[in-house]
$ cat input_34.csv   # CSV, C-alpha atoms
chain,number,residue,atom,x,y,z
A,1,MET,CA,137.7,-58.4,151.1
A,2,LEU,CA,139.5,-56.8,154.0
A,3,ALA,CA,140.2,-58.6,157.3
A,4,LEU,CA,141.7,-57.3,160.5
A,5,GLY,CA,142.7,-58.5,163.9
A,6,PHE,CA,143.7,-57.4,167.4
A,7,ASP,CA,145.3,-59.3,170.1
A,8,GLY,CA,146.4,-58.5,173.7
A,9,ALA,CA,144.7,-55.4,175.1
A,10,HIS,CA,144.1,-54.5,178.7
A,11,ALA,CA,142.6,-51.5,180.3
A,12,GLN,CA,143.5,-49.0,183.0
A,13,SER,CA,140.0,-48.7,184.4
A,14,LYS,CA,137.0,-50.9,184.9
A,15,SER,CA,134.8,-49.0,182.4
A,16,VAL,CA,136.3,-50.8,179.4
A,17,VAL,CA,138.7,-53.8,179.2
A,18,VAL,CA,139.4,-55.4,175.8
A,19,PRO,CA,141.8,-58.3,176.0
A,20,SER,CA,141.5,-58.9,172.2
A,21,ARG,CA,139.7,-57.5,169.2
A,22,ASN,CA,139.5,-59.2,165.8
A,23,GLY,CA,137.4,-58.5,162.7
A,24,ASP,CA,136.7,-58.6,159.0
A,25,VAL,CA,136.0,-55.6,156.7
A,26,THR,CA,134.5,-56.2,153.3
A,27,VAL,CA,134.6,-53.4,150.7
A,28,GLN,CA,131.4,-53.8,148.8
A,29,THR,CA,131.0,-53.1,145.1
A,30,ASN,CA,129.2,-49.8,145.8
A,31,GLY,CA,132.1,-48.6,148.0
A,32,ASP,CA,130.5,-49.3,151.4
A,33,MET,CA,132.7,-50.9,154.0
A,34,ALA,CA,131.0,-53.6,156.1
A,35,PHE,CA,132.8,-54.2,159.4
A,36,ASP,CA,132.4,-57.3,161.5
A,37,GLU,CA,134.6,-57.1,164.6
A,38,GLU,CA,135.0,-59.7,167.4
A,39,TRP,CA,135.5,-58.1,170.8
A,40,ASN,CA,136.6,-59.9,173.9
A,41,VAL,CA,135.4,-57.5,176.6
A,42,GLN,CA,135.3,-57.2,180.3
A,43,PHE,CA,132.7,-54.9,182.0
A,44,ILE,CA,131.2,-52.5,179.3
A,45,GLY,CA,131.6,-52.7,175.5
A,46,GLY,CA,131.6,-49.7,173.3
A,47,ARG,CA,133.0,-48.0,170.2
A,48,CYS,CA,133.0,-44.4,168.9
A,49,ILE,CA,134.0,-43.4,165.4
A,50,ALA,CA,134.9,-39.8,164.6
A,51,GLN,CA,132.7,-38.1,162.0
A,52,GLY,CA,134.0,-36.1,159.0
A,53,ARG,CA,135.5,-38.9,156.8
A,54,TYR,CA,132.3,-40.8,155.9
A,55,ASP,CA,128.7,-40.0,155.0
A,56,ALA,CA,127.0,-42.3,157.5
A,57,ILE,CA,127.2,-45.4,159.5
A,58,ARG,CA,124.2,-47.8,159.3
A,59,ASP,CA,123.3,-51.5,160.1
A,60,TRP,CA,124.7,-51.4,163.6
A,61,GLY,CA,124.3,-54.7,165.5
A,62,VAL,CA,125.8,-56.6,168.5
A,63,SER,CA,125.5,-60.3,169.2
A,64,GLN,CA,126.9,-62.8,171.7
A,65,ASN,CA,127.1,-66.5,170.8
A,66,GLY,CA,124.8,-65.9,167.9
A,67,ILE,CA,122.1,-64.2,170.1
A,68,GLU,CA,121.3,-60.7,168.8
A,69,PHE,CA,121.2,-57.8,171.3
A,70,THR,CA,118.2,-55.4,171.2
A,71,LYS,CA,118.5,-51.7,170.6
A,72,SER,CA,117.3,-49.9,173.7
A,73,SER,CA,118.4,-47.1,176.0
A,74,SER,CA,117.3,-49.0,179.1
A,75,GLY,CA,120.9,-50.1,180.0
A,76,ARG,CA,119.7,-53.6,180.6
A,77,ALA,CA,121.8,-56.7,179.8
A,78,GLY,CA,121.4,-57.8,176.2
A,79,THR,CA,120.8,-54.3,174.8
A,80,TYR,CA,122.8,-51.7,173.0
A,81,GLU,CA,122.3,-48.0,172.4
A,82,LEU,CA,123.5,-45.6,169.7
A,83,TYR,CA,124.3,-42.0,170.4
A,84,THR,CA,126.4,-39.0,169.1
A,85,GLN,CA,129.0,-37.5,171.3
A,86,ASP,CA,131.7,-34.9,170.5
A,87,ASP,CA,131.1,-35.3,166.8
A,88,GLN,CA,131.4,-39.1,167.0
A,89,ASP,CA,129.0,-41.9,166.2
A,90,CYS,CA,129.0,-44.2,169.1
A,91,ILE,CA,127.6,-47.6,170.3
A,92,LYS,CA,127.5,-49.0,173.8
A,93,TRP,CA,126.3,-52.5,174.7
A,94,HIS,CA,125.4,-53.9,178.0
A,95,PHE,CA,125.7,-57.4,179.5
A,96,ALA,CA,125.3,-59.1,182.9
A,97,PRO,CA,128.0,-58.1,185.4
A,98,THR,CA,130.9,-60.4,185.8
A,99,THR,CA,133.9,-60.6,188.2
A,100,ASP,CA,136.8,-59.8,185.8
A,101,ALA,CA,135.4,-62.4,183.3
A,102,THR,CA,135.8,-61.9,179.6
A,103,ARG,CA,132.9,-62.2,177.2
A,104,THR,CA,133.1,-62.4,173.4
A,105,PHE,CA,130.8,-60.2,171.2
A,106,ASN,CA,130.4,-59.5,167.6
A,107,LEU,CA,130.0,-55.9,166.6
A,108,ARG,CA,128.8,-55.1,163.1
A,109,TYR,CA,128.3,-51.8,161.2
A,110,THR,CA,128.5,-50.5,157.7
A,111,VAL,CA,130.4,-47.3,156.7
A,112,VAL,CA,128.8,-45.4,153.8
A,113,GLY,CA,131.0,-43.1,151.7
A,114,GLY,CA,134.2,-43.9,153.6
A,115,LEU,CA,136.5,-44.7,150.7
A,116,ARG,CA,138.6,-42.1,149.0
A,117,ILE,CA,138.0,-42.3,145.3
A,118,TYR,CA,140.7,-41.1,142.9
A,119,GLU,CA,141.6,-41.7,139.2
A,120,GLY,CA,145.1,-42.9,140.3
A,121,GLY,CA,143.7,-45.4,142.8
A,122,ASP,CA,140.9,-45.8,145.4
A,123,GLN,CA,142.0,-45.8,149.0
A,124,PHE,CA,140.9,-47.4,152.3
A,125,PHE,CA,142.2,-44.8,154.7
A,126,TRP,CA,140.9,-45.4,158.2
A,127,ASN,CA,141.8,-44.5,161.8
A,128,PHE,CA,141.4,-48.0,163.3
A,129,ILE,CA,142.7,-47.0,166.7
A,130,GLU,CA,141.5,-43.6,167.8
A,131,SER,CA,143.5,-41.2,169.9
A,132,ASP,CA,140.7,-40.8,172.5
A,133,ARG,CA,140.5,-44.6,173.1
A,134,GLN,CA,140.7,-45.3,176.8
A,135,TYR,CA,142.4,-48.7,176.6
A,136,PRO,CA,145.8,-49.8,175.2
A,137,ILE,CA,146.1,-52.4,172.4
A,138,ASN,CA,149.4,-54.3,172.3
A,139,ASP,CA,149.2,-56.0,168.9
A,140,SER,CA,147.0,-55.7,165.9
A,141,ASN,CA,146.8,-56.6,162.2
A,142,HIS,CA,144.6,-55.7,159.3
A,143,LEU,CA,144.3,-57.5,156.0
A,144,PRO,CA,142.9,-55.6,153.1
A,145,GLY,CA,143.1,-56.4,149.4
A,146,ASN,CA,141.3,-56.7,146.1
A,147,ALA,CA,143.8,-56.5,143.3
A,148,LYS,CA,147.1,-57.9,141.9
A,149,PRO,CA,149.9,-57.6,144.5
A,150,ASP,CA,151.9,-55.2,142.4
A,151,GLU,CA,148.8,-52.9,142.1
A,152,ILE,CA,148.4,-52.5,145.8
A,153,LYS,CA,150.1,-49.9,148.0
A,154,ALA,CA,149.9,-50.0,151.7
A,155,THR,CA,151.2,-48.2,154.7
A,156,THR,CA,150.4,-47.4,158.3
A,157,TYR,CA,150.7,-44.2,160.4
A,158,GLU,CA,151.2,-44.1,164.2
A,159,ASN,CA,150.3,-40.6,165.6
A,160,ASN,CA,150.7,-39.2,162.0
A,161,SER,CA,154.2,-40.6,161.6
A,162,GLU,CA,154.3,-43.0,158.6
A,163,GLN,CA,155.6,-46.5,159.3
A,164,PRO,CA,155.5,-48.4,156.0
A,165,GLN,CA,157.4,-51.3,157.5
A,166,ASN,CA,154.3,-52.3,159.4
A,167,ALA,CA,152.3,-53.0,156.2
A,168,ARG,CA,153.1,-56.2,154.3
A,169,ILE,CA,151.4,-57.2,151.0
A,170,VAL,CA,150.9,-61.0,151.1
A,171,ASP,CA,149.0,-61.5,147.8
A,172,GLY,CA,146.3,-59.8,145.7
A,173,ASN,CA,143.7,-60.2,148.4
A,174,THR,CA,145.7,-59.7,151.6
A,175,VAL,CA,147.8,-57.0,153.2
A,176,VAL,CA,148.9,-57.4,156.8
A,177,PHE,CA,149.2,-54.3,159.0
A,178,THR,CA,151.0,-55.0,162.3
A,179,GLY,CA,151.3,-52.6,165.2
A,180,SER,CA,152.3,-53.1,168.9
A,181,GLN,CA,152.4,-51.5,172.3
A,182,PHE,CA,149.7,-48.9,171.7
A,183,SER,CA,149.1,-46.7,174.7
A,184,ASP,CA,146.3,-44.4,175.7
A,185,GLY,CA,146.2,-41.4,173.3
A,186,ASP,CA,147.9,-43.2,170.4
A,187,GLN,CA,146.3,-43.2,167.0
A,188,TRP,CA,146.8,-45.9,164.4
A,189,THR,CA,145.8,-45.2,160.8
A,190,LEU,CA,145.7,-47.8,158.0
A,191,ARG,CA,146.0,-47.0,154.3
A,192,ALA,CA,145.6,-49.3,151.3
A,193,GLN,CA,145.3,-48.2,147.7
A,194,PHE,CA,143.9,-50.4,145.0
A,195,PRO,CA,143.2,-49.7,141.3
A,196,HIS,CA,140.4,-47.3,140.5
A,197,GLY,CA,137.3,-48.9,139.1
A,198,ILE,CA,137.2,-52.0,141.3
A,199,VAL,CA,134.4,-50.4,143.2
A,200,ASN,CA,131.6,-48.4,141.6
A,201,ALA,CA,131.7,-45.3,143.7
A,202,ALA,CA,132.1,-41.5,143.3
A,203,PRO,CA,134.0,-39.2,145.6
A,204,ALA,CA,132.0,-38.3,148.7
A,205,ALA,CA,131.2,-34.6,149.5
A,206,TRP,CA,133.6,-34.7,152.5
A,207,GLN,CA,136.4,-35.9,150.3
A,208,LYS,CA,135.9,-33.1,147.8
A,209,ASP,CA,135.9,-30.5,150.6
A,210,SER,CA,139.0,-32.1,152.1
A,211,ASP,CA,140.9,-32.2,148.8
A,212,GLN,CA,139.9,-28.6,148.0
A,213,ARG,CA,141.2,-27.4,151.4
A,214,ASP,CA,144.4,-29.3,150.8
A,215,ALA,CA,144.8,-27.7,147.4
A,216,ILE,CA,144.4,-24.1,148.6
A,217,ALA,CA,146.3,-24.6,151.9
A,218,PRO,CA,149.7,-23.6,150.3
A,219,TRP,CA,148.2,-20.4,148.9
A,220,ILE,CA,146.7,-19.5,152.2
A,221,ASN,CA,150.0,-20.1,154.0
A,222,LEU,CA,151.7,-18.0,151.4
A,223,GLY,CA,149.2,-15.2,151.8
A,224,THR,CA,149.4,-15.4,155.5
A,225,GLY,CA,153.2,-15.0,155.3
A,226,PHE,CA,152.9,-12.1,152.9
A,227,PHE,CA,150.5,-10.2,155.0
A,228,SER,CA,152.6,-10.9,158.1
A,229,LEU,CA,155.6,-9.4,156.3
A,230,LEU,CA,153.4,-6.5,155.1
A,231,ALA,CA,152.2,-5.9,158.7
A,232,LEU,CA,155.8,-5.9,159.9
A,233,ILE,CA,156.9,-3.4,157.3
A,234,GLY,CA,153.8,-1.3,157.9
A,235,GLY,CA,154.4,-1.3,161.6
A,236,SER,CA,158.0,-0.3,161.3
A,237,LEU,CA,157.0,2.5,158.9
A,238,GLY,CA,154.3,3.6,161.3
A,239,LEU,CA,156.8,3.9,164.1
A,240,TYR,CA,159.1,5.9,162.0
A,241,LEU,CA,156.4,8.3,161.0
A,242,LEU,CA,155.3,8.6,164.6
A,243,TRP,CA,158.9,9.5,165.6
A,244,TYR,CA,159.3,11.8,162.6
A,245,THR,CA,156.1,13.8,163.4
A,246,ARG,CA,156.1,13.7,167.2
A,247,GLY,CA,159.2,12.1,168.7
A,248,ARG,CA,162.1,14.1,167.2
A,249,ASP,CA,163.1,17.7,167.9
A,250,ASN,CA,161.5,20.4,165.8
A,251,PRO,CA,163.5,21.5,162.8
A,252,THR,CA,165.8,24.5,163.4
A,253,GLY,CA,164.6,26.5,160.5
A,254,VAL,CA,166.6,28.0,157.6
A,255,ILE,CA,170.4,27.7,157.9
A,256,ALA,CA,172.2,31.1,158.2
A,257,GLU,CA,173.5,32.6,155.1
A,258,TYR,CA,177.2,32.4,154.2
A,259,TYR,CA,179.0,35.8,154.2
A,260,PRO,CA,182.2,35.9,152.2
A,261,THR,CA,183.5,39.1,153.9
A,262,PRO,CA,185.1,39.1,157.4
A,263,PRO,CA,182.9,40.3,160.3
A,264,THR,CA,183.0,43.9,161.5
A,265,ASP,CA,184.6,45.1,164.7
A,266,ASP,CA,181.1,45.2,166.4
A,267,PRO,CA,180.9,43.0,169.6
A,268,PRO,CA,179.6,39.6,168.8
A,269,GLY,CA,176.0,38.7,169.9
A,270,VAL,CA,175.2,35.7,172.0
A,271,ALA,CA,173.2,33.2,170.1
A,272,GLY,CA,173.0,29.4,169.7
A,273,VAL,CA,171.0,26.8,168.1
A,274,LEU,CA,170.7,23.2,169.3
A,275,LEU,CA,170.8,20.9,166.4
A,276,ASP,CA,169.9,17.3,166.1
$ encode --input "input_34.csv" --output "structure tokens"
Amino acid sequence: MLALGFDGAHAQSKSVVVPSRNGDVTVQTNGDMAFDEEWNVQFIGGRCIAQGRYDAIRDWGVSQNGIEFTKSSSGRAGTYELYTQDDQDCIKWHFAPTTDATRTFNLRYTVVGGLRIYEGGDQFFWNFIESDRQYPINDSNHLPGNAKPDEIKATTYENNSEQPQNARIVDGNTVVFTGSQFSDGDQWTLRAQFPHGIVNAAPAAWQKDSDQRDAIAPWINLGTGFFSLLALIGGSLGLYLLWYTRGRDNPTGVIAEYYPTPPTDDPPGVAGVLLD
């Protein structure tokens, strides 16, 4: 069971305003993650999730006061639409216009193949606040858990900078993640590790590819450095050869022989050689 919450968000435009956002996330026995988020929204509601770290998202749904919205691209109140944009899976829902009034909605979706599965511990590793989000969130918390307290590891990252002090393990079922004063462009990532085997899931294809890239990255960097050095040496050698063959003065030829006897009384000739 994982639960999460958001409080106190306001927008800079009238396209999206989210005064608060709360939710529950349940990690199912097959490794799927079922999200149920409560959004307090002004104007238009919507969410986009970047692809690449899960297999699929299914079971999208939106409701207000227990009344389900209908999937439709008409843009009418009481409908929602699904679409893909810039390698993101997105949902947008529509409701009757209001004058700065706030409405409460429930957004549901299930992430398939989103957990990281390792022998040393399975991981919930999720960008809960995306860097391209157009509204700030001032305070948020997330509660994951499913093991003994001493078997859980948890941390947070803000803009890829680790902030472990914002993750607090409460008990075997609860970890609280707390962040504050998020601005446009900030990214907030949550990470919780629990013992391997609690869920019956295998590593997804994207995880295998990611781990393989991470494993060979040091060798690629080493090779890049080696070839850069080789290119530097080769370039210097090439410049030297170019100078040697074309840039310097031609050799003067054979050096004059040494004569041990004094010169004769004949008048000296006028000759000279310009040497390097």
$ residues_around --input "input_34.csv" --residues "Gly78 (chain A)" --least-positions-apart "6" --cutoff "10 Å" --atoms "all atoms listed in the file" --output "VMD selection string"
chain A and resid 62 to 64 67 to 72 93 to 96
$ closest_residue --input "input_34.csv" --among "A:Gly45, A:Gly114, A:Gly121, A:Gly185" --to "Thr102 (chain A)" --atoms "only C-alpha atoms"
A:Gly45
$ closest_residue --input "input_34.csv" --among "A:Gln165, A:Thr84, A:Thr174, A:Asn65" --to "Asp150 (chain A)" --atoms "all atoms listed in the file"
A:Thr174
$ closest_residue --input "input_34.csv" --among "A:Leu232, A:Val27, A:Leu190, A:Cys90" --to "Ala56 (chain A)" --atoms "only C-alpha atoms"
A:Cys90
$ atom_distance --input "input_34.csv" --atom1 "CA of Ile169 (chain A)" --atom2 "CA of Glu130 (chain A)"
23.8 Å
$ closest_residue --input "input_34.csv" --among "A:Ser236, A:Gln181, A:Asn200, A:Ser20" --to "Arg116 (chain A)" --atoms "all atoms listed in the file"
A:Asn200
$ atom_distance --input "input_34.csv" --atom1 "CA of Arg76 (chain A)" --atom2 "CA of Asn40 (chain A)"
19.2 Å
$ closest_residue --input "input_34.csv" --among "A:Val41, A:Ile198, A:Ile117, A:Ala192" --to "Asn22 (chain A)" --atoms "all atoms listed in the file"
A:Val41
$ atom_distance --input "input_34.csv" --atom1 "CA of Ile129 (chain A)" --atom2 "CA of Gln187 (chain A)"
5.2 Å
$ closest_residue --input "input_34.csv" --among "A:Val111, A:Asn30, A:Tyr118, A:Pro149" --to "Asp171 (chain A)" --atoms "only C-alpha atoms"
A:Pro149
$ residues_around --input "input_34.csv" --residues "Ala50 (chain A)" --least-positions-apart "5" --cutoff "10 Å" --atoms "only C-alpha atoms" --output "MDAnalysis selection string"
chainID A and resid 84:90 127 130 132
$ decode --input "input_34.csv" --residues "region 57-183 of chain A" --atoms "C-alpha atoms" --output "tab-separated table (two decimals), in the first residue's frame"
chain	number	residue	atom	x	y	z
A	57	ILE	CA	-0.72	2.92	-18.45
A	58	ARG	CA	-4.25	1.54	-18.42
A	59	ASP	CA	-7.57	1.91	-16.60
A	60	TRP	CA	-7.68	5.69	-16.87
A	61	GLY	CA	-10.70	7.26	-15.23
A	62	VAL	CA	-11.99	10.58	-13.86
A	63	SER	CA	-14.93	11.22	-11.53
A	64	GLN	CA	-16.48	14.11	-9.63
A	65	ASN	CA	-18.55	13.49	-6.51
A	66	GLY	CA	-18.85	9.84	-7.52
A	67	ILE	CA	-20.07	10.63	-11.06
A	68	GLU	CA	-17.85	9.10	-13.74
A	69	PHE	CA	-16.68	11.18	-16.69
A	70	THR	CA	-17.03	9.79	-20.22
A	71	LYS	CA	-14.10	9.28	-22.55
A	72	SER	CA	-14.61	11.64	-25.50
A	73	SER	CA	-12.64	14.08	-27.65
A	74	SER	CA	-15.60	16.49	-27.85
A	75	GLY	CA	-14.26	18.77	-25.13
A	76	ARG	CA	-17.66	18.92	-23.45
A	77	ALA	CA	-18.03	19.15	-19.68
A	78	GLY	CA	-18.02	15.77	-18.01
A	79	THR	CA	-15.63	14.19	-20.52
A	80	TYR	CA	-11.95	13.30	-20.62
A	81	GLU	CA	-9.58	12.52	-23.45
A	82	LEU	CA	-6.36	10.52	-23.69
A	83	TYR	CA	-3.51	11.44	-25.99
A	84	THR	CA	0.24	11.14	-26.50
A	85	GLN	CA	2.38	14.25	-26.67
A	86	ASP	CA	6.17	14.62	-26.73
A	87	ASP	CA	6.66	10.99	-25.62
A	88	GLN	CA	4.21	11.39	-22.75
A	89	ASP	CA	0.94	9.65	-21.94
A	90	CYS	CA	-1.59	12.37	-21.14
A	91	ILE	CA	-5.13	12.83	-19.90
A	92	LYS	CA	-7.21	16.00	-19.92
A	93	TRP	CA	-10.67	16.35	-18.40
A	94	HIS	CA	-13.27	19.05	-18.95
A	95	PHE	CA	-15.90	20.54	-16.66
A	96	ALA	CA	-18.33	23.45	-16.69
A	97	PRO	CA	-16.67	26.90	-16.60
A	98	THR	CA	-16.35	28.58	-13.23
A	99	THR	CA	-15.19	31.96	-11.95
A	100	ASP	CA	-12.06	31.01	-10.02
A	101	ALA	CA	-14.02	28.27	-8.23
A	102	THR	CA	-12.28	25.05	-7.23
A	103	ARG	CA	-13.66	21.63	-8.10
A	104	THR	CA	-12.58	18.28	-6.66
A	105	PHE	CA	-11.94	15.33	-8.98
A	106	ASN	CA	-10.59	11.81	-8.64
A	107	LEU	CA	-8.06	10.70	-11.24
A	108	ARG	CA	-7.31	6.98	-11.53
A	109	TYR	CA	-4.81	5.06	-13.61
A	110	THR	CA	-2.70	1.91	-13.36
A	111	VAL	CA	0.98	1.82	-14.27
A	112	VAL	CA	2.11	-1.53	-15.69
A	113	GLY	CA	5.77	-2.53	-15.44
A	114	GLY	CA	6.81	0.56	-13.51
A	115	LEU	CA	8.63	-1.06	-10.57
A	116	ARG	CA	12.35	-1.74	-10.64
A	117	ILE	CA	12.96	-5.37	-9.76
A	118	TYR	CA	16.33	-6.39	-8.26
A	119	GLU	CA	17.56	-9.30	-6.15
A	120	GLY	CA	18.74	-6.83	-3.52
A	121	GLY	CA	15.36	-5.13	-3.25
A	122	ASP	CA	12.49	-3.97	-5.45
A	123	GLN	CA	12.04	-0.24	-5.93
A	124	PHE	CA	9.27	2.29	-6.37
A	125	PHE	CA	11.19	5.01	-8.25
A	126	TRP	CA	8.85	7.62	-9.64
A	127	ASN	CA	8.94	11.22	-10.88
A	128	PHE	CA	5.88	12.45	-9.02
A	129	ILE	CA	6.40	16.09	-9.93
A	130	GLU	CA	7.56	16.45	-13.52
A	131	SER	CA	9.93	19.20	-14.66
A	132	ASP	CA	7.56	20.34	-17.43
A	133	ARG	CA	4.62	20.86	-15.07
A	134	GLN	CA	3.12	24.35	-15.48
A	135	TYR	CA	2.03	24.97	-11.89
A	136	PRO	CA	3.95	25.11	-8.63
A	137	ILE	CA	3.29	22.80	-5.68
A	138	ASN	CA	4.15	24.13	-2.26
A	139	ASP	CA	3.89	21.07	-0.06
A	140	SER	CA	3.55	17.37	-0.73
A	141	ASN	CA	3.89	13.99	0.93
A	142	HIS	CA	3.95	10.40	-0.19
A	143	LEU	CA	3.48	7.28	1.94
A	144	PRO	CA	4.78	3.99	0.56
A	145	GLY	CA	5.44	0.77	2.41
A	146	ASN	CA	4.98	-3.00	2.53
A	147	ALA	CA	7.67	-4.46	4.79
A	148	LYS	CA	9.33	-4.23	8.20
A	149	PRO	CA	10.63	-0.74	8.97
A	150	ASP	CA	14.27	-1.83	9.03
A	151	GLU	CA	13.84	-3.44	5.59
A	152	ILE	CA	12.69	-0.24	3.90
A	153	LYS	CA	14.96	2.34	2.33
A	154	ALA	CA	13.58	5.66	1.18
A	155	THR	CA	14.83	8.95	-0.20
A	156	THR	CA	13.81	11.85	-2.43
A	157	TYR	CA	15.48	13.80	-5.22
A	158	GLU	CA	14.76	17.38	-6.18
A	159	ASN	CA	16.15	18.23	-9.61
A	160	ASN	CA	18.39	15.12	-9.35
A	161	SER	CA	19.88	16.29	-6.05
A	162	GLU	CA	19.31	13.69	-3.33
A	163	GLN	CA	17.52	14.91	-0.21
A	164	PRO	CA	17.15	11.90	2.12
A	165	GLN	CA	16.01	14.11	5.00
A	166	ASN	CA	12.66	14.51	3.19
A	167	ALA	CA	11.87	10.79	3.52
A	168	ARG	CA	10.76	9.46	6.91
A	169	ILE	CA	9.96	5.79	7.61
A	170	VAL	CA	6.98	5.72	9.96
A	171	ASP	CA	6.34	1.98	10.16
A	172	GLY	CA	6.36	-1.14	8.02
A	173	ASN	CA	3.60	0.22	5.82
A	174	THR	CA	4.27	3.92	5.79
A	175	VAL	CA	7.00	6.24	4.59
A	176	VAL	CA	6.33	9.97	4.42
A	177	PHE	CA	7.99	12.04	1.69
A	178	THR	CA	7.77	15.78	2.23
A	179	GLY	CA	8.72	18.55	-0.18
A	180	SER	CA	7.91	22.24	-0.30
A	181	GLN	CA	8.04	25.36	-2.45
A	182	PHE	CA	8.27	23.66	-5.83
A	183	SER	CA	8.46	26.10	-8.74
